[in-house]
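Notes follow once the structure below has been shown.
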Amino acid sequence: MTDTTWLVVPAPAKLNLMLHITGRRADGYHNLQTLFQFLDYGDGLRFRIRNDSELTLSPAIEGVEFEDNLIIRAARHLQKLAKYDVGADIQLDKVLPMGGGLGGGSSDAATTLLALNNLWALNLSLEELAAIGLGLGADVPVFIMGQAAFAEGVGEVLTPTPELAEPWYLVVCPQVHVNTAKIFSHNSLTRDTPAINIRTALEQGGRNDCQAIVSMLYPEVGNTLNLLNKFSFAKMTGTGACVYSSFSSEAEAIIVSGQLPAGYKAFVAKGVNISPAHRVLFRPS
């Protein structure tokens with residue numbers, strides 16, 4: 001088979017440009033306010049229709065059972081909505097670290113929903129896909145909707161923010177896997193940050209309420225923040241472990257990247273307000 005039989009779609013990373021925790025709900029989840037922006041960097045997925053109802057995924061991810069993989073869980077949800085038997089072969093080029101705060105698993109799930117909705121001609125709307133995605137993870141809807149956004153609730157109430165600047169970022173990934181549940185259940189986590197409006201978020205930015213706890217529990221994260229702060233203001237994304245700084249040009253980011261000590265895993269990418277997955281799937285005709 002030639003590559004033309006495959007649908008190739010990126011699964012981009014995201015950054016949280018701020019992350020405020022405004023309260024804890026009765027169900028144990030937290031109310032958040034955050035700004036999401038995509039990167040032109042991430043995982044890659046390839047999809048090919050099968051003539052049966054089987055799903056395949058290669059390569060397997062070590063430590064993740066086939067049916068527990070968010071890609072397969074997303075595909076299973078869509079299979080239930082199809083009016084006939086549908087299947088797919090899926091190939092994953094995994095680039096983003098797990099437990100890094102870059103949204104890799106959520107982005108993989110969202111790209112799977114978007115791509116298979118297309119391949120299987122299910123004709124579900126983005127809003128319908130986002131509702132399915134929310135059941136897979138709080139970050140999935142923003143990847144489905146495909147626009148940089150100010151998010152509230154658990155992260156699913158989205159207001160597009162096309163006016164966000166699109167700088168270049170240097171992202172540094174400490175070699176630790178942060179346990180999100182451990183962070184959100186920690187007694188010392190700030191949970192009462194006053195809510196702000198979207199204008200304030202865009203004009204003044206904000207902090208990451210998880211950063212202090214993560215830095216305390218995972219010293220590698222704190223050390224990386226201290227290192228990057230020597231060059232440019234650094235912040236952690238999500239619940240970590242990855243941290244980032246923004247630059248006005250790719251060249252500046254590359255220069256700083258070259259000054260990091262050996263052993264630090266880092267990449268340079270441009271911030272973008274439209275998801276690269278959407279740019280592939282919804283090209284103007």
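Every chain in the structure tokens takes a letter, A first, then B, and so on in the order presented; its residues are numbered from 1, and the ligands are numbered from 1 following the presented order.
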Practice problem: Using DSSP on the backbone coordinates, identify the residues of stretch 38-273 of chain A assigned to helix (DSSP H, G or I); present them as a ChimeraX atom specification. | Solution: /A:66-68,70-81,104-119,126-134,140-145,180-184,198-204,211-217,219-229,250-258
Practice problem: Please provide as a PyMOL selection string all residues within 12 Å of A:Leu126, with the sequence filter that same-chain residues fewer than 2 positions apart are discarded (counting only C-alpha atoms). | Solution: chain A and resi 110-111+113-115+117-118+122-124+128-133+140-147+278+282
Quiz prompt | Those in stretch 46-133 of chain A with strand (DSSP E or B) from DSSP, as a VMD selection string | solution = chain A and resid 46 to 50 55 to 58 87 to 93
Practice problem: Please provide as an NGL selection string all residues within 9 Å of A:Asn16, with the sequence filter that same-chain residues fewer than 2 positions apart are discarded (counting only C-alpha atoms). | Solution: :A and (14 or 18-19 or 34-37 or 101-102 or 208 or 236-238)
Convert the current residue selection to file output with N, CA, C and O atoms, as a compact mmCIF listing (two decimals), in the first residue's frame.
```txt
# COMPACT_ATOMS: atom_id res chain seq x y z
N LYS A 14 0.26 21.34 23.68
CA LYS A 14 -0.33 22.61 24.14
C LYS A 14 0.51 23.12 25.29
O LYS A 14 1.22 22.38 25.97
N MET A 18 -1.24 30.17 31.65
CA MET A 18 -1.55 30.43 33.06
C MET A 18 -2.43 29.28 33.52
O MET A 18 -3.05 28.60 32.70
N LEU A 19 -2.48 29.04 34.81
CA LEU A 19 -3.34 27.99 35.35
C LEU A 19 -3.72 28.36 36.77
O LEU A 19 -2.93 28.20 37.70
N THR A 34 -7.64 28.87 32.70
CA THR A 34 -6.36 28.68 32.03
C THR A 34 -6.42 29.23 30.62
O THR A 34 -7.50 29.37 30.03
N LEU A 35 -5.26 29.56 30.10
CA LEU A 35 -5.12 29.94 28.69
C LEU A 35 -4.38 28.82 27.97
O LEU A 35 -3.25 28.49 28.35
N PHE A 36 -5.02 28.26 26.96
CA PHE A 36 -4.40 27.22 26.15
C PHE A 36 -3.87 27.81 24.85
O PHE A 36 -4.57 28.58 24.18
N GLN A 37 -2.65 27.42 24.50
CA GLN A 37 -2.14 27.72 23.16
C GLN A 37 -1.46 26.47 22.62
O GLN A 37 -0.85 25.71 23.38
N GLY A 101 2.80 17.56 30.90
CA GLY A 101 1.98 18.76 30.91
C GLY A 101 1.76 19.36 29.54
O GLY A 101 1.24 20.47 29.42
N LEU A 102 2.13 18.63 28.49
CA LEU A 102 1.98 19.13 27.12
C LEU A 102 0.73 18.60 26.44
O LEU A 102 0.47 18.93 25.28
N ASN A 208 0.94 29.84 37.46
CA ASN A 208 0.52 28.44 37.48
C ASN A 208 0.44 28.01 38.94
O ASN A 208 1.47 27.89 39.61
N MET A 236 5.94 26.80 34.23
CA MET A 236 5.60 25.39 34.01
C MET A 236 4.27 25.31 33.28
O MET A 236 3.38 26.13 33.49
N THR A 237 4.10 24.31 32.44
CA THR A 237 2.82 24.08 31.77
C THR A 237 2.05 22.98 32.46
O THR A 237 2.61 21.95 32.84
N GLY A 238 0.74 23.19 32.64
CA GLY A 238 -0.11 22.19 33.27
C GLY A 238 0.38 21.81 34.65
O GLY A 238 0.80 22.67 35.44
```
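Within the 12 Å cut-off around A:Phe233, using only C-alpha atoms and omitting residues fewer than 5 positions from it on the same chain, the listed residues are Tyr169, Leu170, Arg207, Thr224, Leu225, Asn226, Leu227, Leu228, Val243, Tyr244, Ser245, Ser246 and Phe247 of chain A.
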Using only N, CA and C atoms, please write the residues we just selected to a file, as a PDB file, in the first residue's frame.
```
ATOM      1  N   TYR A 169       8.749  29.381  21.406  1.00  0.00           N
ATOM      2  CA  TYR A 169       8.964  28.874  22.762  1.00  0.00           C
ATOM      3  C   TYR A 169      10.144  27.907  22.788  1.00  0.00           C
ATOM      4  N   LEU A 170      10.873  27.984  23.869  1.00  0.00           N
ATOM      5  CA  LEU A 170      11.827  26.937  24.217  1.00  0.00           C
ATOM      6  C   LEU A 170      11.189  26.133  25.335  1.00  0.00           C
ATOM      7  N   ARG A 207      -0.342  33.178  36.829  1.00  0.00           N
ATOM      8  CA  ARG A 207       0.664  32.219  37.280  1.00  0.00           C
ATOM      9  C   ARG A 207       0.129  30.806  37.087  1.00  0.00           C
ATOM     10  N   THR A 224      15.004  23.016  36.880  1.00  0.00           N
ATOM     11  CA  THR A 224      14.888  23.430  35.479  1.00  0.00           C
ATOM     12  C   THR A 224      14.320  24.836  35.367  1.00  0.00           C
ATOM     13  N   LEU A 225      13.352  25.162  36.204  1.00  0.00           N
ATOM     14  CA  LEU A 225      12.819  26.526  36.225  1.00  0.00           C
ATOM     15  C   LEU A 225      13.914  27.530  36.578  1.00  0.00           C
ATOM     16  N   ASN A 226      14.698  27.210  37.597  1.00  0.00           N
ATOM     17  CA  ASN A 226      15.783  28.111  38.002  1.00  0.00           C
ATOM     18  C   ASN A 226      16.791  28.295  36.877  1.00  0.00           C
ATOM     19  N   LEU A 227      17.103  27.219  36.171  1.00  0.00           N
ATOM     20  CA  LEU A 227      18.047  27.295  35.064  1.00  0.00           C
ATOM     21  C   LEU A 227      17.511  28.176  33.947  1.00  0.00           C
ATOM     22  N   LEU A 228      16.278  27.930  33.530  1.00  0.00           N
ATOM     23  CA  LEU A 228      15.715  28.667  32.398  1.00  0.00           C
ATOM     24  C   LEU A 228      15.484  30.135  32.750  1.00  0.00           C
ATOM     25  N   VAL A 243       8.716  22.838  31.324  1.00  0.00           N
ATOM     26  CA  VAL A 243       8.714  24.274  31.568  1.00  0.00           C
ATOM     27  C   VAL A 243       9.108  24.972  30.275  1.00  0.00           C
ATOM     28  N   TYR A 244       8.772  26.262  30.184  1.00  0.00           N
ATOM     29  CA  TYR A 244       8.990  26.959  28.909  1.00  0.00           C
ATOM     30  C   TYR A 244       9.287  28.430  29.131  1.00  0.00           C
ATOM     31  N   SER A 245       9.911  29.027  28.145  1.00  0.00           N
ATOM     32  CA  SER A 245      10.096  30.473  28.042  1.00  0.00           C
ATOM     33  C   SER A 245       9.726  30.888  26.627  1.00  0.00           C
ATOM     34  N   SER A 246       9.285  32.132  26.483  1.00  0.00           N
ATOM     35  CA  SER A 246       8.903  32.620  25.160  1.00  0.00           C
ATOM     36  C   SER A 246       9.952  33.586  24.626  1.00  0.00           C
ATOM     37  N   PHE A 247      10.061  33.629  23.291  1.00  0.00           N
ATOM     38  CA  PHE A 247      11.053  34.462  22.610  1.00  0.00           C
ATOM     39  C   PHE A 247      10.408  35.076  21.370  1.00  0.00           C
TER      40      PHE A 247
END
```
